[in-house]
Structures are given as C-alpha cells and as structure tokens.
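Have a look at the structure below, then the notes.
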Amino acid sequence: MVSGWLTAAQFRPAGRGNCEDHEGRTDVKCALGVAMLVFAAATALAEVARDLAPHGLRIKVFDCYRPERAVMTFVRWARDLKDTAGKAEFYPEVDKRTLFRDGYISSQSGHSRGSTADLTLAKDDGTELDMGTAFDFFSLKSWPSSAAVTPEQHASRMVLASAMRHRGFRSYDREWWHFTLRGEPFPETYFDFPVR
C-alpha cells in the first residue's frame with residue numbers, strides 16, 4: 001500500500017456499506033484493480049456516502065485512481081482510428097477523431113493524481129438511479145447541463161452533483177459521473193504505481 005492512499009474497503013463508511021463498485025461488490029474493485037484515492041479524497045467521498053445514506057442512497061464507484069500506464073493504453077486506443085470496438089456502446093454519436101479535441105479523452109488523466117472518482121448513485125437495493133446515459137458514454141447527453149435528458153434524470157444528476165460539491169468535489173462539464181476533489185494534494189503529479 002502506498003502511504004497516504006486508501007483503498008475503497010478502507011474508506012467505505014461504517015455500517016451499511018454505502019460505497020460499492022460497478023458490479024455491486026462492497027470491497028470496490030474497479031476494472032483496473034482495487035479502487036484507491038488519496039486520503040483527503042477518500043475521506044471526503046466517505047462523507048458523501050454518509051450524507052446520502054439517510055435518503056436511502058449509496059455511492060456506486062466506477063473508477064478512481066488510474067495509473068498512467070493505463071491512461072496511455074486508452075490514449076493508444078483513441079488514436080487508433082481503425083479500432084472502433086465499443087463505438088455503439090460508448091460513442092455512437094461522436095467521431096473518434098474528435099475525442100481529444102472535444103475533451104472526452106486526455107493524454108493525462110486526473111485519475112492518475114488520486115483525487116478523482118467516477119461514480120453514480122444507487123438505491124439501497126443497489127438499483128442505479130437513471131442518469132440519462134451510461135457511465136463513459138461520450139455524448140452531449142452526458143454533460144451535466146444537458147437538456148436532452150428528462151427532468152427526473154436531470155434531478156438525479158443534481159442530487160449527485162450537490163452531494164459531491166457539499167464535500168469539496170468539483171464536477172467535469174462533459175461527464176455527469178466525474179468529480180475531482182478541490183484543493184487536491186497532488187495537482188501536478190501523475191502517478192504510475194500499479195494497484196494490486
């Protein structure tokens with residue numbers, strides 16, 4: 001374990017297990033390994049989960065810390081215009097050539113700084129709230145300010161954004177699920193240690 005970082009199992013609020021991963025596991029493992037955040041972001045996210053629990057809501061984490069080597073794999077995929085795997089699921093309305101220009105992909109990711117999390121809200125039974133698009137869906141519909149979602153979907157996004165803002169996170173204007181801790185401890189450092 002890297003000093004000053006916590007795994008999701010360590011920052012999960014006591015009691016009801018309000019933080020879980022995208023597959024419903026409460027030990028929160030993401031596709032790239034164990035979900036990790038720097039201490040300040042992890043404790044702030046645990047506070048968000050505690051704030052939401054009395055309302056019958058929990059946090060469902062998709063992604064947290066991402067080593068730079070994983071980011072570079074994604075960058076290589078994005079630059080390979082012949083590789084259209086996932087287009088129908090993740091970017092059906094977007095030309096892959098514009099993913100960098102339009103801000104959907106960056107050659108350096110805030111996830112590598114350890115203070116960024118991708119997440120959604122779920123009910124106590126684990127059912128995700130309808131946010132209007134799936135996680136990692138590159139589209140104008142995914143922008144938090146999008147008028148292309150229903151009022152109920154917009155309201156769900158605002159509940160998430162408000163809860164995150166209250167505990168010091170800022171949102172990203174192109175992804176309703178993406179939040180970074182304000183005053184993050186490593187704003188210029190992109191880490192590459194593996195997660196096991």
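Residues in the structure tokens are named by chain (A, B, ... in the order shown) and by number from 1 within that chain; ligands are numbered from 1 in the order shown.
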For A:Leu52, list every protein, DNA or RNA residue within 12 Å, evaluated using only C-alpha atoms, and leave out those in the same chain fewer than 4 positions away; present the list as a ChimeraX atom specification. /A:13,16-19,45-48,56-60,120-124,159-164,166-167
Please produce a file of the residues just selected, as a compact mmCIF listing (two decimals), in the first residue's frame, where the atoms kept are N, CA and C atoms.
```txt
# COMPACT_ATOMS: atom_id res chain seq x y z
N PRO A 13 -17.79 3.83 4.32
CA PRO A 13 -18.37 4.21 5.61
C PRO A 13 -18.77 2.98 6.42
N ARG A 16 -23.55 0.49 6.72
CA ARG A 16 -24.37 -0.02 5.64
C ARG A 16 -23.63 -0.32 4.34
N GLY A 17 -22.35 -0.09 4.25
CA GLY A 17 -21.64 -0.40 3.02
C GLY A 17 -22.12 0.46 1.87
N ASN A 18 -22.12 1.76 2.05
CA ASN A 18 -22.72 2.67 1.08
C ASN A 18 -21.90 2.89 -0.17
N CYS A 19 -20.65 2.50 -0.17
CA CYS A 19 -19.83 2.61 -1.37
C CYS A 19 -19.72 1.21 -1.96
N LEU A 45 -15.11 11.42 0.14
CA LEU A 45 -16.09 10.56 -0.51
C LEU A 45 -16.86 9.73 0.52
N ALA A 46 -16.20 9.30 1.56
CA ALA A 46 -16.90 8.58 2.63
C ALA A 46 -17.93 9.48 3.29
N GLU A 47 -17.61 10.77 3.43
CA GLU A 47 -18.58 11.73 3.99
C GLU A 47 -19.79 11.89 3.06
N VAL A 48 -19.56 11.92 1.76
CA VAL A 48 -20.67 11.99 0.81
C VAL A 48 -21.58 10.79 1.01
N GLY A 56 -31.65 6.97 1.69
CA GLY A 56 -31.80 5.69 1.01
C GLY A 56 -30.94 5.56 -0.23
N LEU A 57 -29.85 6.32 -0.28
CA LEU A 57 -28.97 6.30 -1.45
C LEU A 57 -27.57 5.86 -1.06
N ARG A 58 -26.88 5.27 -2.02
CA ARG A 58 -25.49 4.88 -1.84
C ARG A 58 -24.69 5.30 -3.06
N ILE A 59 -23.40 5.37 -2.87
CA ILE A 59 -22.47 5.68 -3.96
C ILE A 59 -22.10 4.38 -4.65
N LYS A 60 -22.07 4.41 -5.96
CA LYS A 60 -21.61 3.27 -6.75
C LYS A 60 -20.41 3.76 -7.56
N THR A 120 -21.78 6.99 -9.54
CA THR A 120 -23.20 7.29 -9.68
C THR A 120 -23.87 7.04 -8.34
N LEU A 121 -25.18 7.17 -8.34
CA LEU A 121 -25.97 6.90 -7.14
C LEU A 121 -26.83 5.67 -7.37
N ALA A 122 -27.06 4.94 -6.31
CA ALA A 122 -27.94 3.78 -6.35
C ALA A 122 -28.85 3.82 -5.14
N LYS A 123 -29.98 3.15 -5.26
CA LYS A 123 -30.87 2.98 -4.12
C LYS A 123 -30.27 1.94 -3.17
N ASP A 124 -30.83 1.83 -2.01
CA ASP A 124 -30.33 0.85 -1.03
C ASP A 124 -30.29 -0.56 -1.57
N VAL A 159 -28.73 15.75 -7.67
CA VAL A 159 -28.56 15.19 -6.32
C VAL A 159 -27.11 14.74 -6.15
N LEU A 160 -26.59 14.02 -7.14
CA LEU A 160 -25.20 13.57 -7.09
C LEU A 160 -24.25 14.76 -7.04
N ALA A 161 -24.42 15.71 -7.94
CA ALA A 161 -23.51 16.86 -8.01
C ALA A 161 -23.55 17.68 -6.72
N SER A 162 -24.74 17.88 -6.17
CA SER A 162 -24.87 18.66 -4.94
C SER A 162 -24.18 17.96 -3.76
N ALA A 163 -24.39 16.65 -3.66
CA ALA A 163 -23.75 15.89 -2.58
C ALA A 163 -22.23 15.95 -2.69
N MET A 164 -21.72 15.84 -3.89
CA MET A 164 -20.27 15.88 -4.11
C MET A 164 -19.72 17.28 -3.84
N HIS A 166 -20.92 19.53 -1.88
CA HIS A 166 -21.01 19.79 -0.44
C HIS A 166 -19.77 19.30 0.31
N ARG A 167 -19.15 18.25 -0.19
CA ARG A 167 -17.96 17.68 0.47
C ARG A 167 -16.67 18.04 -0.26
```
DSSP on the backbone, then: every residue of stretch 21-194 of chain A marked alpha helix (DSSP H), written as an mmCIF file with N, CA, C and O atoms, in the first residue's frame.
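So part-v8.cif came out as:
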```
data_model
loop_
_atom_site.group_PDB
_atom_site.id
_atom_site.type_symbol
_atom_site.label_atom_id
_atom_site.label_comp_id
_atom_site.auth_asym_id
_atom_site.auth_seq_id
_atom_site.Cartn_x
_atom_site.Cartn_y
_atom_site.Cartn_z
ATOM 1 N N PHE A 39 -5.817 10.092 0.637
ATOM 2 C CA PHE A 39 -6.550 10.139 1.898
ATOM 3 C C PHE A 39 -7.630 11.227 1.912
ATOM 4 O O PHE A 39 -8.774 10.972 2.292
ATOM 5 N N ALA A 40 -7.294 12.448 1.498
ATOM 6 C CA ALA A 40 -8.258 13.557 1.549
ATOM 7 C C ALA A 40 -9.480 13.278 0.681
ATOM 8 O O ALA A 40 -10.621 13.532 1.086
ATOM 9 N N ALA A 41 -9.272 12.751 -0.519
ATOM 10 C CA ALA A 41 -10.399 12.457 -1.410
ATOM 11 C C ALA A 41 -11.206 11.271 -0.877
ATOM 12 O O ALA A 41 -12.444 11.281 -0.941
ATOM 13 N N ALA A 42 -10.525 10.263 -0.361
ATOM 14 C CA ALA A 42 -11.212 9.086 0.167
ATOM 15 C C ALA A 42 -12.103 9.447 1.354
ATOM 16 O O ALA A 42 -13.254 9.012 1.436
ATOM 17 N N THR A 43 -11.586 10.251 2.262
ATOM 18 C CA THR A 43 -12.394 10.616 3.437
ATOM 19 C C THR A 43 -13.545 11.528 3.043
ATOM 20 O O THR A 43 -14.644 11.411 3.593
ATOM 21 N N ALA A 44 -13.329 12.411 2.068
ATOM 22 C CA ALA A 44 -14.426 13.269 1.595
ATOM 23 C C ALA A 44 -15.508 12.432 0.922
ATOM 24 O O ALA A 44 -16.709 12.667 1.124
ATOM 25 N N LEU A 45 -15.108 11.419 0.143
ATOM 26 C CA LEU A 45 -16.086 10.555 -0.509
ATOM 27 C C LEU A 45 -16.861 9.729 0.519
ATOM 28 O O LEU A 45 -18.070 9.527 0.373
ATOM 29 N N ALA A 46 -16.195 9.296 1.563
ATOM 30 C CA ALA A 46 -16.897 8.582 2.633
ATOM 31 C C ALA A 46 -17.933 9.484 3.294
ATOM 32 O O ALA A 46 -19.029 9.029 3.651
ATOM 33 N N GLU A 47 -17.614 10.771 3.434
ATOM 34 C CA GLU A 47 -18.582 11.727 3.992
ATOM 35 C C GLU A 47 -19.793 11.892 3.062
ATOM 36 O O GLU A 47 -20.935 12.000 3.522
ATOM 37 N N VAL A 48 -19.556 11.917 1.764
ATOM 38 C CA VAL A 48 -20.666 11.986 0.807
ATOM 39 C C VAL A 48 -21.585 10.789 1.012
ATOM 40 O O VAL A 48 -22.816 10.940 1.081
ATOM 41 N N ALA A 49 -20.987 9.606 1.115
ATOM 42 C CA ALA A 49 -21.790 8.396 1.319
ATOM 43 C C ALA A 49 -22.597 8.478 2.611
ATOM 44 O O ALA A 49 -23.781 8.107 2.643
ATOM 45 N N ARG A 50 -21.981 8.982 3.673
ATOM 46 C CA ARG A 50 -22.712 9.138 4.945
ATOM 47 C C ARG A 50 -23.858 10.136 4.810
ATOM 48 O O ARG A 50 -24.935 9.928 5.356
ATOM 49 N N ASP A 51 -23.627 11.215 4.058
ATOM 50 C CA ASP A 51 -24.675 12.218 3.848
ATOM 51 C C ASP A 51 -25.874 11.638 3.098
ATOM 52 O O ASP A 51 -27.022 12.008 3.357
ATOM 53 N N LEU A 52 -25.601 10.747 2.153
ATOM 54 C CA LEU A 52 -26.659 10.206 1.300
ATOM 55 C C LEU A 52 -27.433 9.063 1.950
ATOM 56 O O LEU A 52 -28.597 8.820 1.616
ATOM 57 N N GLU A 68 -0.777 5.897 -14.796
ATOM 58 C CA GLU A 68 -0.511 6.499 -16.102
ATOM 59 C C GLU A 68 -0.397 5.459 -17.204
ATOM 60 O O GLU A 68 -0.814 5.703 -18.330
ATOM 61 N N ARG A 69 0.137 4.287 -16.893
ATOM 62 C CA ARG A 69 0.272 3.247 -17.927
ATOM 63 C C ARG A 69 -1.099 2.833 -18.453
ATOM 64 O O ARG A 69 -1.237 2.532 -19.643
ATOM 65 N N ALA A 70 -2.112 2.829 -17.605
ATOM 66 C CA ALA A 70 -3.468 2.514 -18.060
ATOM 67 C C ALA A 70 -4.022 3.646 -18.917
ATOM 68 O O ALA A 70 -4.707 3.407 -19.915
ATOM 69 N N VAL A 71 -3.718 4.862 -18.537
ATOM 70 C CA VAL A 71 -4.151 6.019 -19.332
ATOM 71 C C VAL A 71 -3.531 5.940 -20.721
ATOM 72 O O VAL A 71 -4.204 6.169 -21.734
ATOM 73 N N MET A 72 -2.254 5.602 -20.799
ATOM 74 C CA MET A 72 -1.574 5.524 -22.094
ATOM 75 C C MET A 72 -2.167 4.423 -22.977
ATOM 76 O O MET A 72 -2.238 4.571 -24.193
ATOM 77 N N THR A 73 -2.622 3.340 -22.388
ATOM 78 C CA THR A 73 -3.301 2.300 -23.160
ATOM 79 C C THR A 73 -4.571 2.857 -23.786
ATOM 80 O O THR A 73 -4.871 2.623 -24.958
ATOM 81 N N PHE A 74 -5.311 3.638 -23.015
ATOM 82 C CA PHE A 74 -6.539 4.252 -23.513
ATOM 83 C C PHE A 74 -6.225 5.284 -24.599
ATOM 84 O O PHE A 74 -6.932 5.380 -25.602
ATOM 85 N N VAL A 75 -5.162 6.042 -24.412
ATOM 86 C CA VAL A 75 -4.747 7.038 -25.404
ATOM 87 C C VAL A 75 -4.392 6.342 -26.719
ATOM 88 O O VAL A 75 -4.793 6.790 -27.801
ATOM 89 N N ARG A 76 -3.652 5.235 -26.648
ATOM 90 C CA ARG A 76 -3.303 4.499 -27.873
ATOM 91 C C ARG A 76 -4.560 4.005 -28.571
ATOM 92 O O ARG A 76 -4.674 4.081 -29.799
ATOM 93 N N TRP A 77 -5.537 3.509 -27.802
ATOM 94 C CA TRP A 77 -6.802 3.069 -28.395
ATOM 95 C C TRP A 77 -7.482 4.243 -29.101
ATOM 96 O O TRP A 77 -7.968 4.109 -30.225
ATOM 97 N N ALA A 78 -7.527 5.376 -28.458
ATOM 98 C CA ALA A 78 -8.216 6.540 -29.029
ATOM 99 C C ALA A 78 -7.550 7.027 -30.311
ATOM 100 O O ALA A 78 -8.226 7.529 -31.216
ATOM 101 N N ARG A 79 -6.250 6.879 -30.396
ATOM 102 C CA ARG A 79 -5.520 7.325 -31.600
ATOM 103 C C ARG A 79 -5.591 6.317 -32.741
ATOM 104 O O ARG A 79 -5.300 6.658 -33.884
ATOM 105 N N LYS A 87 -17.843 1.367 -30.149
ATOM 106 C CA LYS A 87 -18.451 2.592 -30.681
ATOM 107 C C LYS A 87 -19.954 2.640 -30.396
ATOM 108 O O LYS A 87 -20.456 3.648 -29.910
ATOM 109 N N ALA A 88 -20.659 1.572 -30.672
ATOM 110 C CA ALA A 88 -22.113 1.565 -30.462
ATOM 111 C C ALA A 88 -22.481 1.777 -28.996
ATOM 112 O O ALA A 88 -23.470 2.437 -28.690
ATOM 113 N N GLU A 89 -21.645 1.265 -28.100
ATOM 114 C CA GLU A 89 -21.943 1.350 -26.671
ATOM 115 C C GLU A 89 -21.479 2.665 -26.044
ATOM 116 O O GLU A 89 -22.161 3.217 -25.187
ATOM 117 N N PHE A 90 -20.302 3.171 -26.454
ATOM 118 C CA PHE A 90 -19.704 4.298 -25.745
ATOM 119 C C PHE A 90 -19.647 5.626 -26.495
ATOM 120 O O PHE A 90 -19.574 6.671 -25.866
ATOM 121 N N PRO A 151 -36.509 15.526 -16.986
ATOM 122 C CA PRO A 151 -36.386 16.255 -15.715
ATOM 123 C C PRO A 151 -35.985 15.350 -14.549
ATOM 124 O O PRO A 151 -35.216 15.764 -13.683
ATOM 125 N N GLU A 152 -36.476 14.111 -14.528
ATOM 126 C CA GLU A 152 -36.122 13.178 -13.459
ATOM 127 C C GLU A 152 -34.647 12.797 -13.530
ATOM 128 O O GLU A 152 -33.962 12.718 -12.502
ATOM 129 N N GLN A 153 -34.146 12.548 -14.734
ATOM 130 C CA GLN A 153 -32.734 12.217 -14.909
ATOM 131 C C GLN A 153 -31.855 13.404 -14.507
ATOM 132 O O GLN A 153 -30.850 13.228 -13.821
ATOM 133 N N HIS A 154 -32.261 14.585 -14.909
ATOM 134 C CA HIS A 154 -31.518 15.797 -14.540
ATOM 135 C C HIS A 154 -31.514 15.971 -13.015
ATOM 136 O O HIS A 154 -30.481 16.299 -12.420
ATOM 137 N N ALA A 155 -32.664 15.729 -12.394
ATOM 138 C CA ALA A 155 -32.754 15.856 -10.934
ATOM 139 C C ALA A 155 -31.816 14.864 -10.243
ATOM 140 O O ALA A 155 -31.141 15.219 -9.261
ATOM 141 N N SER A 156 -31.723 13.640 -10.750
ATOM 142 C CA SER A 156 -30.808 12.650 -10.171
ATOM 143 C C SER A 156 -29.362 13.113 -10.301
ATOM 144 O O SER A 156 -28.565 12.984 -9.369
ATOM 145 N N ARG A 157 -29.010 13.677 -11.446
ATOM 146 C CA ARG A 157 -27.658 14.206 -11.636
ATOM 147 C C ARG A 157 -27.369 15.334 -10.652
ATOM 148 O O ARG A 157 -26.268 15.439 -10.116
ATOM 149 N N MET A 158 -28.373 16.152 -10.408
ATOM 150 C CA MET A 158 -28.183 17.282 -9.497
ATOM 151 C C MET A 158 -28.043 16.822 -8.051
ATOM 152 O O MET A 158 -27.310 17.430 -7.271
ATOM 153 N N VAL A 159 -28.734 15.745 -7.666
ATOM 154 C CA VAL A 159 -28.561 15.191 -6.322
ATOM 155 C C VAL A 159 -27.115 14.739 -6.148
ATOM 156 O O VAL A 159 -26.465 15.046 -5.139
ATOM 157 N N LEU A 160 -26.591 14.019 -7.140
ATOM 158 C CA LEU A 160 -25.205 13.570 -7.087
ATOM 159 C C LEU A 160 -24.250 14.760 -7.037
ATOM 160 O O LEU A 160 -23.372 14.827 -6.166
ATOM 161 N N ALA A 161 -24.418 15.706 -7.938
ATOM 162 C CA ALA A 161 -23.514 16.863 -8.006
ATOM 163 C C ALA A 161 -23.553 17.677 -6.718
ATOM 164 O O ALA A 161 -22.511 18.111 -6.210
ATOM 165 N N SER A 162 -24.738 17.883 -6.169
ATOM 166 C CA SER A 162 -24.872 18.656 -4.940
ATOM 167 C C SER A 162 -24.184 17.961 -3.762
ATOM 168 O O SER A 162 -23.476 18.601 -2.971
ATOM 169 N N ALA A 163 -24.386 16.649 -3.662
ATOM 170 C CA ALA A 163 -23.753 15.894 -2.575
ATOM 171 C C ALA A 163 -22.230 15.951 -2.692
ATOM 172 O O ALA A 163 -21.522 16.114 -1.685
ATOM 173 N N MET A 164 -21.722 15.842 -3.892
ATOM 174 C CA MET A 164 -20.274 15.879 -4.106
ATOM 175 C C MET A 164 -19.724 17.281 -3.841
ATOM 176 O O MET A 164 -18.683 17.431 -3.196
ATOM 177 N N ARG A 165 -20.401 18.294 -4.327
ATOM 178 C CA ARG A 165 -19.967 19.685 -4.090
ATOM 179 C C ARG A 165 -19.920 19.995 -2.604
ATOM 180 O O ARG A 165 -19.008 20.662 -2.116
ATOM 181 N N HIS A 166 -20.921 19.528 -1.878
ATOM 182 C CA HIS A 166 -21.014 19.789 -0.438
ATOM 183 C C HIS A 166 -19.774 19.295 0.309
ATOM 184 O O HIS A 166 -19.392 19.874 1.328
#
```
Neighbouring residues of A:Ser3 were defined as those with any atom within 10 Å, considering only C-alpha atoms; residues of the same chain fewer than 2 positions away were excluded. Please report them as a PDB file with N, CA, C and O atoms, in the first residue's frame.
```
ATOM      1  N   MET A   1       0.844  -1.185   0.000  1.00  0.00           N
ATOM      2  CA  MET A   1       0.000   0.000   0.000  1.00  0.00           C
ATOM      3  C   MET A   1       0.887   1.244   0.000  1.00  0.00           C
ATOM      4  O   MET A   1       1.856   1.315   0.730  1.00  0.00           O
ATOM      5  N   TRP A   5      -2.609   6.917   0.877  1.00  0.00           N
ATOM      6  CA  TRP A   5      -3.692   6.488  -0.008  1.00  0.00           C
ATOM      7  C   TRP A   5      -4.542   5.459   0.731  1.00  0.00           C
ATOM      8  O   TRP A   5      -4.057   4.750   1.610  1.00  0.00           O
ATOM      9  N   LEU A   6      -5.805   5.368   0.341  1.00  0.00           N
ATOM     10  CA  LEU A   6      -6.706   4.380   0.930  1.00  0.00           C
ATOM     11  C   LEU A   6      -7.386   3.593  -0.180  1.00  0.00           C
ATOM     12  O   LEU A   6      -7.711   4.145  -1.228  1.00  0.00           O
ATOM     13  N   VAL A  38      -6.368   9.221  -2.804  1.00  0.00           N
ATOM     14  CA  VAL A  38      -5.554   9.814  -1.746  1.00  0.00           C
ATOM     15  C   VAL A  38      -6.442  10.009  -0.525  1.00  0.00           C
ATOM     16  O   VAL A  38      -7.667  10.104  -0.633  1.00  0.00           O
ATOM     17  N   PHE A  39      -5.817  10.092   0.637  1.00  0.00           N
ATOM     18  CA  PHE A  39      -6.550  10.139   1.898  1.00  0.00           C
ATOM     19  C   PHE A  39      -7.630  11.227   1.912  1.00  0.00           C
ATOM     20  O   PHE A  39      -8.774  10.972   2.292  1.00  0.00           O
TER      21      PHE A  39
END
```
Residue with the minimum atom-to-atom distance to A:Gln108, picked from A:Asp83, A:Asp130, A:Glu188, A:Asp63 with only C-alpha atoms counted, is A:Glu188
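Inside stretch 11-155 of chain A, the residues DSSP reads as strand (DSSP E) when given the backbone are Cys19, Glu20, Asp21, Lys29, Cys30, Gly33, Val34, Met36, Leu37, Val38, Leu57, Arg58, Ile59, Lys60, Val61, Phe62, Asp63, Thr116, Ala117, Asp118, Leu119, Thr120, Leu121, Ala122 and Lys123 of chain A.
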Mind dumping the selected residues with N, CA and C atoms as a CSV table (one decimal), in the first residue's frame?
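out-v3.csv was written with the following content:
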```csv
chain,number,residue,atom,x,y,z
A,19,CYS,N,-20.6,2.5,-0.2
A,19,CYS,CA,-19.8,2.6,-1.4
A,19,CYS,C,-19.7,1.2,-2.0
A,20,GLU,N,-20.0,1.1,-3.2
A,20,GLU,CA,-19.8,-0.2,-3.9
A,20,GLU,C,-19.3,0.0,-5.3
A,21,ASP,N,-18.8,-1.0,-5.9
A,21,ASP,CA,-18.3,-0.9,-7.3
A,21,ASP,C,-19.4,-1.1,-8.3
A,29,LYS,N,-13.7,-3.1,-6.2
A,29,LYS,CA,-12.6,-3.3,-7.1
A,29,LYS,C,-13.1,-2.8,-8.5
A,30,CYS,N,-12.3,-2.0,-9.1
A,30,CYS,CA,-12.6,-1.5,-10.4
A,30,CYS,C,-11.9,-2.3,-11.5
A,33,GLY,N,-8.2,-2.6,-11.2
A,33,GLY,CA,-7.7,-3.1,-9.9
A,33,GLY,C,-8.5,-2.6,-8.7
A,34,VAL,N,-7.9,-2.6,-7.6
A,34,VAL,CA,-8.6,-2.1,-6.4
A,34,VAL,C,-8.8,-0.6,-6.5
A,36,MET,N,-8.7,3.1,-5.5
A,36,MET,CA,-7.8,3.8,-4.5
A,36,MET,C,-8.0,5.3,-4.7
A,37,LEU,N,-7.9,6.1,-3.6
A,37,LEU,CA,-7.9,7.5,-3.7
A,37,LEU,C,-6.9,8.0,-2.6
A,38,VAL,N,-6.4,9.2,-2.8
A,38,VAL,CA,-5.6,9.8,-1.7
A,38,VAL,C,-6.4,10.0,-0.5
A,57,LEU,N,-29.8,6.3,-0.3
A,57,LEU,CA,-29.0,6.3,-1.4
A,57,LEU,C,-27.6,5.9,-1.1
A,58,ARG,N,-26.9,5.3,-2.0
A,58,ARG,CA,-25.5,4.9,-1.8
A,58,ARG,C,-24.7,5.3,-3.1
A,59,ILE,N,-23.4,5.4,-2.9
A,59,ILE,CA,-22.5,5.7,-4.0
A,59,ILE,C,-22.1,4.4,-4.6
A,60,LYS,N,-22.1,4.4,-6.0
A,60,LYS,CA,-21.6,3.3,-6.7
A,60,LYS,C,-20.4,3.8,-7.6
A,61,VAL,N,-19.2,3.2,-7.3
A,61,VAL,CA,-18.0,3.7,-7.8
A,61,VAL,C,-17.7,2.9,-9.1
A,62,PHE,N,-17.3,3.7,-10.2
A,62,PHE,CA,-16.9,3.1,-11.4
A,62,PHE,C,-15.4,3.0,-11.5
A,63,ASP,N,-14.7,4.1,-11.2
A,63,ASP,CA,-13.3,4.3,-11.3
A,63,ASP,C,-12.7,5.3,-10.4
A,116,THR,N,-9.6,11.9,-8.1
A,116,THR,CA,-10.8,11.9,-9.0
A,116,THR,C,-11.5,10.6,-8.9
A,117,ALA,N,-12.8,10.6,-8.9
A,117,ALA,CA,-13.6,9.4,-8.9
A,117,ALA,C,-14.8,9.5,-10.0
A,118,ASP,N,-15.1,8.4,-10.6
A,118,ASP,CA,-16.2,8.3,-11.5
A,118,ASP,C,-17.2,7.5,-10.7
A,119,LEU,N,-18.5,8.0,-10.6
A,119,LEU,CA,-19.4,7.3,-9.8
A,119,LEU,C,-20.9,7.7,-10.1
A,120,THR,N,-21.8,7.0,-9.5
A,120,THR,CA,-23.2,7.3,-9.7
A,120,THR,C,-23.9,7.0,-8.3
A,121,LEU,N,-25.2,7.2,-8.3
A,121,LEU,CA,-26.0,6.9,-7.1
A,121,LEU,C,-26.8,5.7,-7.4
A,122,ALA,N,-27.1,4.9,-6.3
A,122,ALA,CA,-27.9,3.8,-6.4
A,122,ALA,C,-28.8,3.8,-5.1
A,123,LYS,N,-30.0,3.1,-5.3
A,123,LYS,CA,-30.9,3.0,-4.1
A,123,LYS,C,-30.3,1.9,-3.2
```
Distance query A:Val149 at most 9 Å, only C-alpha atoms, self and fewer than 4 positions along chain excluded, as a ChimeraX atom specification: /A:131-133,141-142,153-154
